[in-house]
>>> print(open('input.txt').read())   # compact mmCIF, C-alpha atoms
# COMPACT_ATOMS: atom_id res chain seq x y z
CA MET A 1 81.92 8.48 36.42
CA PRO A 2 85.12 8.56 34.28
CA ASN A 3 84.88 8.82 30.54
CA ASN A 4 84.51 5.55 28.76
CA GLU A 5 87.47 5.05 26.38
CA GLU A 6 85.15 3.96 23.61
CA ASP A 7 83.13 7.18 23.99
CA VAL A 8 86.28 9.30 23.80
CA GLN A 9 87.29 7.54 20.59
CA TYR A 10 83.86 8.06 19.04
CA ILE A 11 83.86 11.73 20.01
CA ASN A 12 87.32 12.31 18.54
CA ARG A 13 86.45 10.48 15.33
CA PHE A 14 83.22 12.47 15.02
CA LEU A 15 85.09 15.73 15.54
CA GLU A 16 87.43 14.70 12.75
CA GLY A 17 84.42 14.41 10.45
CA ASP A 18 83.39 10.77 10.83
CA GLU A 19 79.58 10.87 10.95
CA ALA A 20 79.36 7.12 11.56
CA ALA A 21 81.09 7.64 14.93
CA PHE A 22 78.26 9.93 16.02
CA ASN A 23 75.73 7.33 14.94
CA LYS A 24 77.49 4.79 17.16
CA LEU A 25 77.24 7.15 20.14
CA ALA A 26 73.58 7.83 19.39
CA GLU A 27 72.87 4.11 19.15
CA LYS A 28 74.61 3.54 22.46
CA TYR A 29 72.69 6.20 24.40
CA ARG A 30 69.32 6.57 22.63
CA GLN A 31 67.55 3.98 24.82
CA LYS A 32 68.82 5.60 28.02
CA ILE A 33 67.67 9.01 26.79
CA TYR A 34 64.31 7.63 25.76
CA TRP A 35 63.63 5.84 29.03
CA HIS A 36 64.62 8.77 31.19
CA ALA A 37 62.36 11.04 29.14
CA ARG A 38 59.57 8.48 29.08
CA ARG A 39 59.57 8.07 32.87
CA MET A 40 59.76 11.82 33.36
CA THR A 41 56.94 12.72 30.95
CA GLY A 42 54.85 9.54 31.10
CA SER A 43 54.30 9.74 27.36
CA HIS A 44 55.86 8.08 24.33
CA ILE A 45 55.23 10.99 21.98
CA ASP A 46 56.86 13.49 24.32
CA ALA A 47 59.77 11.16 25.07
CA ASP A 48 60.29 10.69 21.33
CA GLU A 49 60.43 14.44 20.87
CA ILE A 50 62.94 14.77 23.71
CA VAL A 51 65.12 12.00 22.21
CA GLN A 52 65.27 13.98 18.97
CA GLU A 53 66.06 17.22 20.79
CA VAL A 54 68.83 15.62 22.84
CA LEU A 55 70.43 13.91 19.83
CA LEU A 56 70.37 17.22 17.97
CA VAL A 57 72.01 19.01 20.89
CA LEU A 58 74.68 16.30 21.05
CA TYR A 59 75.30 16.54 17.34
CA ARG A 60 75.68 20.29 17.43
CA LYS A 61 77.46 20.72 20.76
CA LEU A 62 79.76 17.74 20.91
CA LYS A 63 82.54 19.95 19.58
CA ASP A 64 82.25 22.00 22.80
CA PHE A 65 82.47 18.96 25.07
CA LYS A 66 85.50 19.49 27.30
CA PHE A 67 85.78 16.01 28.85
CA LYS A 68 85.49 17.59 32.30
CA SER A 69 82.56 15.31 33.09
CA SER A 70 81.71 11.97 31.54
CA LEU A 71 79.69 11.91 28.34
CA TYR A 72 77.17 9.79 30.23
CA THR A 73 76.65 12.55 32.83
CA TRP A 74 76.52 15.23 30.15
CA ILE A 75 73.85 13.35 28.19
CA TYR A 76 71.74 12.89 31.32
CA LYS A 77 72.19 16.56 32.12
CA ILE A 78 70.87 17.58 28.69
CA THR A 79 68.04 15.04 28.86
CA SER A 80 67.02 16.09 32.37
CA THR A 81 67.01 19.77 31.45
CA ARG A 82 64.91 19.08 28.37
CA CYS A 83 62.46 17.01 30.41
CA LEU A 84 62.07 19.68 33.09
CA ASN A 85 61.66 22.30 30.39
CA TYR A 86 59.01 20.17 28.70
CA LEU A 87 57.14 19.65 31.99
CA SER A 88 57.21 23.42 32.65
CA ARG A 89 55.77 24.11 29.22
CA GLN A 90 53.11 21.48 29.78
CA LYS A 91 52.24 23.06 33.14
CA VAL A 92 51.72 26.45 31.49
CA ARG A 93 49.63 24.95 28.72
CA ARG A 94 47.48 23.03 31.19
CA PHE A 95 47.11 26.08 33.40
CA LEU A 96 45.75 28.02 30.46
CA SER A 97 43.77 24.95 29.27
CA LEU A 98 45.52 24.86 25.90
CA ASP A 99 46.01 21.10 26.12
CA GLU A 100 42.66 19.41 26.47
CA PRO A 101 42.77 16.21 28.56
CA GLU A 102 41.28 14.17 25.69
CA ILE A 103 44.04 15.32 23.36
CA LEU A 104 46.67 14.36 25.92
CA ASN A 105 45.20 10.86 26.12
CA ILE A 106 45.04 10.43 22.34
CA LYS A 107 48.70 11.41 22.12
CA ASP A 108 49.70 8.22 23.91
CA ASN A 109 47.77 5.72 21.85
CA TYR A 110 50.78 5.06 19.68
CA ASP A 111 53.53 3.28 21.53
CA VAL A 112 56.74 1.34 21.22
CA LEU A 113 55.74 -1.32 23.71
CA LYS A 114 55.26 -4.79 22.37
CA ASN A 115 52.28 -6.06 24.32
CA ILE A 116 49.27 -5.03 26.40
CA GLU A 117 50.74 -6.41 29.60
CA ASP A 118 53.76 -4.12 29.23
CA LYS A 119 51.52 -1.13 28.52
CA ASP A 120 49.61 -1.91 31.68
CA LYS A 121 52.82 -2.16 33.72
CA LEU A 122 54.12 1.12 32.40
CA ALA A 123 50.77 2.81 32.99
CA LYS A 124 51.00 1.76 36.64
CA LEU A 125 54.52 3.15 36.87
CA ASP A 126 53.38 6.42 35.29
CA GLN A 127 50.56 6.72 37.81
CA ILE A 128 53.04 6.38 40.65
CA LEU A 129 55.69 8.73 39.24
CA LYS A 130 53.05 11.32 38.36
CA ILE A 131 52.44 12.09 42.03
CA LEU A 132 55.98 13.44 42.40
CA PRO A 133 56.85 17.06 41.59
CA ALA A 134 59.12 17.23 38.52
CA LYS A 135 62.40 17.70 40.37
CA GLN A 136 61.69 14.96 42.91
CA ARG A 137 60.64 12.69 40.04
CA GLN A 138 63.94 13.42 38.32
CA ILE A 139 65.95 12.43 41.40
CA PHE A 140 63.80 9.40 42.10
CA ILE A 141 64.26 8.12 38.53
CA LEU A 142 68.00 8.75 38.46
CA ARG A 143 68.51 7.10 41.84
CA ASN A 144 66.05 4.26 41.59
CA PHE A 145 66.03 3.28 37.91
CA GLU A 146 69.34 4.58 36.58
CA GLU A 147 70.97 3.53 39.87
CA MET A 148 73.17 6.61 39.95
CA SER A 149 75.17 7.61 43.00
CA TYR A 150 74.24 10.89 44.73
CA GLU A 151 77.47 12.40 43.37
CA GLU A 152 76.43 11.52 39.82
CA ILE A 153 72.93 12.88 40.39
CA ALA A 154 74.42 16.07 41.80
CA ALA A 155 76.58 16.39 38.66
CA VAL A 156 73.51 15.95 36.45
CA THR A 157 71.25 18.31 38.36
CA GLY A 158 73.85 20.81 39.55
CA LYS A 159 72.49 20.57 43.12
CA SER A 160 74.18 19.56 46.36
CA VAL A 161 74.48 15.93 47.46
CA GLY A 162 72.74 16.76 50.75
CA GLY A 163 69.81 18.27 48.89
CA MET A 164 69.60 15.21 46.66
CA LYS A 165 69.44 12.87 49.67
CA ALA A 166 66.67 14.90 51.30
CA ASN A 167 64.72 15.06 48.07
CA TYR A 168 65.06 11.34 47.44
CA PHE A 169 63.84 10.60 50.98
CA HIS A 170 60.71 12.72 50.41
CA ALA A 171 60.14 11.21 46.96
CA LEU A 172 60.52 7.66 48.24
CA ASN A 173 58.08 8.34 51.07
CA LYS A 174 55.49 9.62 48.63
CA VAL A 175 55.97 6.64 46.33
CA MET A 176 55.62 4.18 49.23
CA GLU A 177 52.46 5.90 50.42
CA LYS A 178 50.97 5.78 46.93
CA MET A 179 51.84 2.12 46.51
CA ASN A 180 50.32 1.23 49.88
CA GLU A 181 46.96 2.85 49.02
CA MET B 1 59.04 5.67 56.10
CA ASN B 2 61.30 5.49 59.11
CA LYS B 3 64.40 7.69 58.57
CA LYS B 4 66.75 5.00 59.87
CA LEU B 5 65.17 2.42 57.61
CA PHE B 6 65.66 4.80 54.69
CA LEU B 7 69.35 5.28 55.51
CA TYR B 8 69.76 1.51 55.74
CA CYS B 9 67.98 0.75 52.47
CA ASP B 10 69.73 3.62 50.69
CA ASN B 11 73.21 2.40 51.74
CA GLN B 12 73.90 5.51 53.75
CA MET B 13 74.99 3.70 56.93
CA ASN B 14 78.52 2.69 57.82
CA ALA B 15 79.32 -0.89 58.83
CA ASP B 16 78.72 -0.31 62.58
CA GLU B 17 75.44 1.48 61.99
CA ARG B 18 74.26 -1.27 59.64
CA LYS B 19 75.09 -3.97 62.20
CA LYS B 20 73.27 -2.11 64.96
CA PHE B 21 70.26 -1.49 62.75
CA GLU B 22 70.09 -5.14 61.67
CA GLU B 23 69.96 -6.15 65.35
CA GLU B 24 67.12 -3.70 65.87
CA LEU B 25 65.36 -5.08 62.81
CA LYS B 26 65.44 -8.59 64.25
CA THR B 27 63.80 -7.54 67.51
CA ASP B 28 61.30 -4.95 66.30
CA PRO B 29 58.34 -6.54 64.43
CA ALA B 30 56.93 -3.14 63.40
CA LEU B 31 60.24 -2.14 61.84
CA GLN B 32 60.51 -5.55 60.19
CA ALA B 33 57.04 -5.09 58.69
CA GLN B 34 58.04 -1.66 57.32
CA TYR B 35 61.17 -3.17 55.84
CA ASN B 36 59.23 -5.99 54.16
CA ASN B 37 56.74 -3.49 52.84
CA TYR B 38 59.59 -1.44 51.36
CA LEU B 39 61.14 -4.50 49.71
CA GLY B 40 57.76 -5.55 48.28
CA ASN B 41 57.10 -2.12 46.81
CA ILE B 42 60.56 -1.85 45.28
CA LYS B 43 60.08 -5.29 43.72
CA LYS B 44 56.76 -4.11 42.25
CA LEU B 45 58.40 -0.96 40.89
CA ARG B 46 61.10 -3.01 39.19
CA LYS B 47 58.43 -5.25 37.69
CA TYR B 48 56.48 -2.24 36.34
CA ASN B 49 59.71 -0.93 34.89
CA SER B 50 60.72 -4.12 33.08
CA VAL B 51 58.99 -3.84 29.73
CA GLU B 52 59.88 -5.09 26.29
CA LEU B 53 60.43 -2.59 23.52
CA ASN B 54 59.81 -2.53 19.85
CA GLU B 55 63.38 -2.20 18.59
CA LYS B 56 62.24 -0.71 15.27
CA TYR B 57 61.54 2.59 17.01
CA PHE B 58 65.15 3.01 18.12
CA VAL B 59 66.53 2.06 14.73
CA ASN B 60 64.73 5.06 13.26
CA ALA B 61 65.77 7.60 15.90
CA VAL B 62 69.12 8.55 14.35
CA PRO B 63 67.96 8.82 10.70
CA VAL B 64 65.06 11.02 11.87
CA MET B 65 67.53 13.28 13.65
CA HIS B 66 69.68 13.56 10.50
CA GLY B 67 66.54 14.43 8.54
CA ARG B 68 65.84 17.24 10.98
CA ILE B 69 69.36 18.56 10.68
CA GLU B 70 69.00 18.65 6.91
CA SER B 71 65.68 20.46 7.01
CA SER B 72 66.94 22.93 9.63
CA LYS B 73 69.78 23.90 7.27
CA HIS B 74 67.16 25.21 4.88
CA PHE B 75 65.25 27.15 7.52
CA SER B 76 67.44 28.34 10.34
CA LEU B 77 65.81 29.99 13.33
CA LEU B 78 68.61 32.49 13.44
CA SER B 79 68.38 33.48 9.80
CA PRO B 80 67.19 36.99 8.91
CA LYS B 81 64.59 35.32 6.69
CA PHE B 82 63.02 33.57 9.68
CA GLY B 83 63.20 36.70 11.82
CA LEU B 84 61.40 38.70 9.19
CA ALA B 85 58.79 36.00 8.66
CA LEU B 86 58.17 35.66 12.40
CA SER B 87 57.85 39.37 13.04
CA SER B 88 55.52 39.81 10.03
CA MET B 89 53.27 37.02 11.21
CA THR B 90 53.27 38.36 14.76
CA ALA B 91 52.30 41.81 13.50
CA VAL B 92 49.43 40.34 11.46
CA LEU B 93 48.26 38.31 14.45
CA LEU B 94 48.40 41.33 16.73
CA VAL B 95 46.17 43.27 14.39
CA PHE B 96 43.88 40.29 14.03
CA LEU B 97 43.59 39.81 17.78
CA MET B 98 43.06 43.52 18.35
CA PHE B 99 40.08 43.69 16.02
CA PHE B 100 38.62 40.22 16.16
CA GLY B 101 39.65 38.91 19.56
CA LYS B 102 36.83 37.29 21.52
CA THR B 103 36.38 36.46 25.15
CA THR B 104 37.29 32.82 25.65
CA ASP B 105 36.50 30.54 28.55
CA ASN B 106 40.15 30.77 29.55
CA THR B 107 39.98 34.51 29.68
CA ILE B 108 36.81 34.48 31.72
CA LYS B 109 38.38 32.05 34.13
CA LEU B 110 41.48 34.18 34.49
CA GLU B 111 39.64 37.42 34.89
CA LYS B 112 37.30 36.01 37.51
CA SER B 113 40.06 36.51 39.98
CA LEU B 114 40.24 40.26 39.48
CA LYS B 115 36.96 41.52 40.93
CA GLY B 116 37.18 43.12 44.33
CA LEU B 117 40.93 43.71 44.35
CA SER B 118 42.30 47.19 44.98
CA THR B 119 43.26 49.40 42.01
CA GLU B 120 46.92 48.69 42.61
CA GLU B 121 46.34 44.95 42.88
CA ILE B 122 44.26 44.96 39.71
CA SER B 123 46.99 46.84 37.91
CA ASN B 124 49.59 44.29 39.02
CA VAL B 125 47.44 41.34 38.10
CA LEU B 126 46.50 42.85 34.74
CA ASP B 127 50.14 43.34 33.95
CA THR B 128 50.93 39.74 34.78
CA TYR B 129 47.94 38.18 33.07
CA SER B 130 47.95 40.30 29.96
CA LYS B 131 51.65 39.72 29.46
CA ASN B 132 51.33 35.98 29.89
CA GLU B 133 48.22 35.32 27.92
CA SER B 134 48.93 37.54 24.96
CA GLN B 135 52.47 36.19 24.73
CA LEU B 136 51.19 32.68 24.88
CA ASP B 137 48.48 33.24 22.26
CA LYS B 138 50.81 34.98 19.88
CA THR B 139 53.58 32.48 20.25
CA ILE B 140 51.43 29.40 19.96
CA GLN B 141 49.58 30.77 16.94
CA VAL B 142 52.78 31.75 15.19
CA ALA B 143 54.24 28.33 15.88
CA GLU B 144 51.10 26.59 14.65
CA ILE B 145 51.02 28.63 11.45
CA VAL B 146 54.65 27.84 10.78
CA GLY B 147 53.67 24.22 11.43
CA ASP B 148 57.19 22.90 11.96
CA SER B 149 57.69 20.92 15.15
CA GLY B 150 61.27 22.19 15.50
CA VAL B 151 60.02 25.75 15.34
CA ILE B 152 57.18 24.99 17.76
CA ASN B 153 59.68 23.59 20.25
CA ALA B 154 62.12 26.45 19.84
CA VAL B 155 59.32 28.94 20.34
CA GLY B 156 57.99 26.87 23.21
CA ASP B 157 61.38 26.89 24.93
CA ARG B 158 61.58 30.63 24.68
CA LEU B 159 58.01 30.94 25.84
CA ALA B 160 58.66 28.72 28.85
CA SER B 161 61.71 30.72 29.85
CA GLU B 162 59.67 33.91 29.67
CA ILE B 163 56.51 32.66 31.28
CA ILE B 164 57.48 30.26 34.04
CA PRO B 165 58.49 32.85 36.63
CA ASN B 166 55.28 34.75 36.01
CA ASN B 167 53.30 31.58 36.14
CA GLU B 168 54.70 30.92 39.60
CA GLN B 169 53.48 34.35 40.61
CA LEU B 170 50.08 33.43 39.25
CA THR B 171 50.09 30.20 41.21
CA ALA B 172 50.90 32.19 44.33
CA LEU B 173 48.02 34.52 43.58
CA GLU B 174 45.65 31.62 42.99
CA SER B 175 46.48 30.06 46.31
CA SER B 176 45.80 33.29 48.16
CA GLU B 177 42.57 33.69 50.10
CA SER B 178 41.38 36.59 47.98
CA TYR B 179 41.53 34.47 44.84
CA GLU B 180 39.49 31.70 46.48
CA TYR B 181 36.91 34.22 47.62
CA LEU B 182 36.69 36.05 44.31
CA THR B 183 36.59 33.10 41.95
CA GLY B 184 33.11 32.56 40.70
CA SER B 185 31.77 35.94 41.77
CA ILE B 186 31.93 37.62 38.36
CA ASN B 187 29.55 37.36 35.43
CA GLU B 188 30.51 37.15 31.76
CA LYS B 189 29.72 40.80 31.09
CA GLU B 190 32.07 41.90 33.87
CA ALA B 191 34.69 39.50 32.58
CA ASP B 192 34.34 41.08 29.13
CA ILE B 193 35.06 44.50 30.60
CA VAL B 194 38.18 43.24 32.30
CA TYR B 195 39.26 41.40 29.17
CA ASN B 196 38.93 44.56 27.07
CA GLU B 197 41.01 46.40 29.64
CA ILE B 198 43.72 43.80 29.26
CA ILE B 199 43.68 44.02 25.47
CA LYS B 200 43.81 47.83 25.64
CA LYS B 201 46.61 47.76 28.13
CA GLU B 202 48.63 45.26 26.09
CA PHE B 203 48.25 46.72 22.64
CA PHE B 204 48.17 50.41 23.38
CA LYS B 205 50.78 50.51 26.10
CA GLY B 206 53.34 53.21 25.64
CA LYS B 207 51.10 55.14 23.25
>>> encode(input="input.txt", output="structure tokens")
Amino acid sequence: MPNNEEDVQYINRFLEGDEAAFNKLAEKYRQKIYWHARRMTGSHIDADEIVQEVLLVLYRKLKDFKFKSSLYTWIYKITSTRCLNYLSRQKVRRFLSLDEPEILNIKDNYDVLKNIEDKDKLAKLDQILKILPAKQRQIFILRNFEEMSYEEIAAVTGKSVGGMKANYFHALNKVMEKMNE
Amino acid sequence: MNKKLFLYCDNQMNADERKKFEEELKTDPALQAQYNNYLGNIKKLRKYNSVELNEKYFVNAVPVMHGRIESSKHFSLLSPKFGLALSSMTAVLLVFLMFFGKTTDNTIKLEKSLKGLSTEEISNVLDTYSKNESQLDKTIQVAEIVGDSGVINAVGDRLASEIIPNNEQLTALESSESYEYLTGSINEKEADIVYNEIIKKEFFKGK
């Protein structure tokens, strides 16, 4: 995906010291970051934490952005890495029983969703996505919800297009099986 | 899901292949049923995904980030002050754990896997477990004492990068037949002995 002209302008203005330009970029991408993180982790609290981490990384590293990829791809790359890192940490903590299941449930009581029906819909989605291993979930979300091409997904994940296709096929099969139960 | 159906639905067919497949779809009721099932499930997924948000949350995201940047300027992870504070707290915790450490349910569960393995296997497993668990305890406790979520995450990131490969080894061990056989065949007293061995090995290594 080529760089959006508006993004390039914001980046250049920010690098010249205009903080408001960064805020514009953050406003533009925060929902995308949040939703990717939310679908990956299945939790508002964790997604919120990832949004903050990603915005901080952007703020600090934007000066190193070389315009070799699009900002959009770069943001997804940071978000995806943070999500996978978070899921790995969670796996370790669960393995060693440091996160009690009750605590994990309490964490999600607070939410940004407006009504109960939406909470119910998202809970169903979480149940389905949860069956996928983290990396398959990542590809499934990028392909199915972000509607990225395999080339874009490969740029985000750093894996081959062929590998992405195979992984998406396996993920889709698992999702279909789960939904047909 | 049929591979050809997948390629069709995922737009991976060229025009000729699509035409041929569509012909097949018309004449094969089983394939048609699979296709309808796929469309129905995708529709459901889209429905689950279409939710309305409270916009107030997103309005706050950027100011919160700026607040974090400000507070991090006062307490940088890379500052000598933080390094000194972290190492002092770790040293205190090490001493505390050495003298007051108790056998926890986690420890018992972990050590249950050790009984019956050869000396060499025990040594390998002890190395892996003691490294992981003591690192985890120390790191989490330090992070919790510091009480700053930024610090907890930074420590957590480092912890994850150190532990994940070993955790995979542990998963491999757990799925082995010997682990299945050994789990549950150790009492608490035996687990205590193994736990003390781990503590000794971790804190007195190299001495």
>>> residues_around(input="input.txt", residues="Met179 in chain A", least_positions_apart="6", cutoff="10 Å", atoms="only C-alpha atoms", output="list in words")
Lys124, Gln127, Ile128 and Asn173 of chain A; Asn37, Tyr38, Gly40, Asn41, Ile42, Lys44 and Leu45 of chain B
>>> closest_residue(input="input.txt", among="B:Glu23, B:Met1, B:Met13, B:Pro29", to="Glu177 in chain A", atoms="all atoms listed in the file")
B:Met1
>>> interface_residues(input="input.txt", of="chain B", to="chain A", cutoff="6 Å", atoms="all atoms listed in the file", output="number ranges by chain")
B: 1, 48, 51, 53-54, 65, 160
>>> closest_residue(input="input.txt", among="B:Val59, B:Ala33, B:Leu39, B:Leu25", to="Cys9 in chain B", atoms="all atoms listed in the file")
B:Leu39
>>> axis_aligned_box(input="input.txt", around="range 10-24 of chain B", padding_each_side="3 Å", output="JSON")
{"center_x": 73.2, "center_y": -0.3, "center_z": 58.3, "size_x": 18.2, "size_y": 17.7, "size_z": 21.2}
>>> closest_residue(input="input.txt", among="A:Ala37, A:Ala171, A:Met148, A:Leu58", to="Ile11 in chain A", atoms="all atoms listed in the file")
A:Leu58
>>> atom_distance(input="input.txt", atom1="CA of Leu7 in chain B", atom2="CA of Ala155 in chain A")
21.4 Å
>>> closest_residue(input="input.txt", among="B:Glu70, B:Pro63, B:Asn2, B:Arg18", to="Gln32 in chain B", atoms="only C-alpha atoms")
B:Asn2
>>> atom_distance(input="input.txt", atom1="CA of Phe65 in chain A", atom2="CA of Glu147 in chain A")
24.3 Å
>>> atom_distance(input="input.txt", atom1="CA of Ser71 in chain B", atom2="CA of Glu19 in chain A")
17.3 Å
